Amino acid sequence: MAWQIETADLINGVALLALEAATVRVVLDSDDDGVVYDRTFEMADESHITDYDLWFFAPQIRATDFAVTDLPPYPGTLTVTLEDAGNTVKLGQLSLGSEIDLGVTLNGFDQDLEIFSDKGPDQFGRVSAVKRASSDILEPRIKILTARVPYLRSVLKQREALATVYLFDGPTRDNEYIAFGDFERLRTNSSFGLYSDMTITIREFV
């Protein structure tokens, strides 16, 4: 499965959500300079591998959300290709745009999972469950330059109630945490020093 998107604006990021594929290839062909970006990414997720036994015997897990944030800012044609030999590839959402750097993700990254499944007993006491979707709630703490506090608060206020892709690096890889949703709360601990802290509560769309 492949998409070709003509980009008149400068973009440097693309996110793929609810993804089922073995590889993702991202190519950016600029109008003036030809191909300026061409990378193929393996979707194998090895974050659960912690010893040799799991390396050899654990089932293969693939990333279901993926983002590229190092595209050179050129207008042109963006081609995204999903491949999985012998299987059907799937994609729920493809988003692209210009990335805004908020700051540095700090330790203490909180994550909640809100489950919408219906569980409970009927009139005879028999328990049944109807499986429904769930939603991630992320609450990262970010270290920011104090001088950028007014700008970042203004940018985020403009994104309130608008679908946005939020990306945060984790301990094992870049863009480890990906959420497509809306922020519900923004709390800033402004200091008179060089750096301040910002905490964002983000609810992922179902």
# chains A, B, ... in the order shown; residues from 1 in each chain; ligands from 1

$ residues_around --residues "region 164-173 of chain A" --least-positions-apart "3" --cutoff "8 Å" --atoms "only C-alpha atoms" --output "PyMOL selection string"
chain A and resi 15+47+95+105+159+176-182

$ residues_around --residues "Asn107 (chain A)" --least-positions-apart "5" --cutoff "9 Å" --atoms "only C-alpha atoms" --output "PDB file with N, CA, C and O atoms, in the first residue's frame"
ATOM      1  N   PRO A 140       3.050  13.837  30.417  1.00  0.00           N
ATOM      2  CA  PRO A 140       4.500  14.044  30.474  1.00  0.00           C
ATOM      3  C   PRO A 140       4.866  15.361  31.150  1.00  0.00           C
ATOM      4  O   PRO A 140       4.109  16.338  31.105  1.00  0.00           O
ATOM      5  N   ARG A 141       6.031  15.375  31.778  1.00  0.00           N
ATOM      6  CA  ARG A 141       6.623  16.597  32.295  1.00  0.00           C
ATOM      7  C   ARG A 141       7.756  17.000  31.354  1.00  0.00           C
ATOM      8  O   ARG A 141       8.560  16.171  30.948  1.00  0.00           O
ATOM      9  N   ILE A 142       7.802  18.273  31.017  1.00  0.00           N
ATOM     10  CA  ILE A 142       8.725  18.757  30.004  1.00  0.00           C
ATOM     11  C   ILE A 142       9.546  19.902  30.571  1.00  0.00           C
ATOM     12  O   ILE A 142       9.019  20.819  31.201  1.00  0.00           O
TER      13      ILE A 142
END

$ residues_around --residues "Asn12 (chain A)" --least-positions-apart "2" --cutoff "8 Å" --atoms "only C-alpha atoms" --output "PyMOL selection string"
chain A and resi 10+14+69-73+96-99

$ select_by_dssp --residues "region 15-203 of chain A" --states "strand (DSSP E)" --output "number ranges by chain"
A: 15-20, 23-30, 34-42, 66-68, 76-83, 90-97, 104-105, 110-115, 118-121, 127-130, 134-139, 141-145, 164-168, 177-189, 195-203

$ residues_around --residues "Asn87 (chain A)" --least-positions-apart "5" --cutoff "10 Å" --atoms "only C-alpha atoms" --output "PyMOL selection string"
chain A and resi 20-22

$ write_last_selection --atoms "N, CA and C atoms" --output "mmCIF file, in the first residue's frame"
data_model
loop_
_atom_site.group_PDB
_atom_site.id
_atom_site.type_symbol
_atom_site.label_atom_id
_atom_site.label_comp_id
_atom_site.auth_asym_id
_atom_site.auth_seq_id
_atom_site.Cartn_x
_atom_site.Cartn_y
_atom_site.Cartn_z
ATOM 1 N N GLU A 20 -0.377 -1.654 10.701
ATOM 2 C CA GLU A 20 -0.049 -3.078 10.629
ATOM 3 C C GLU A 20 0.763 -3.308 9.364
ATOM 4 N N ALA A 21 2.078 -3.418 9.528
ATOM 5 C CA ALA A 21 2.974 -3.627 8.391
ATOM 6 C C ALA A 21 4.324 -4.092 8.913
ATOM 7 N N ALA A 22 5.099 -4.706 8.014
ATOM 8 C CA ALA A 22 6.440 -5.157 8.383
ATOM 9 C C ALA A 22 7.461 -4.041 8.220
#

$ select_by_dssp --residues "region 37-164 of chain A" --states "helix (DSSP H, G or I)" --output "number ranges by chain"
A: 52-57, 146-159

$ closest_residue --among "A:Val68, A:Leu106, A:Ile61, A:Val206" --to "Ile11 (chain A)" --atoms "only C-alpha atoms"
A:Val68

$ residues_around --residues "Thr188 (chain A)" --least-positions-apart "4" --cutoff "12 Å" --atoms "only C-alpha atoms" --output "list in words"
Pro140, Arg141, Ile142, Lys143, Ile144, Leu145, Thr146, Arg148, Val149, Pro150, Leu152, Arg153, Leu156, Tyr195, Ser196, Asp197, Met198, Thr199, Ile200 and Thr201 of chain A

$ closest_residue --among "A:Ala129, A:Ala161, A:Leu113, A:Ala63" --to "Leu91 (chain A)" --atoms "only C-alpha atoms"
A:Ala63

$ closest_residue --among "A:Arg187, A:Phe41, A:Phe66, A:Gly76" --to "Glu6 (chain A)" --atoms "only C-alpha atoms"
A:Gly76

$ closest_residue --among "A:Phe109, A:Phe192, A:Phe124, A:Trp3" --to "Leu94 (chain A)" --atoms "only C-alpha atoms"
A:Trp3
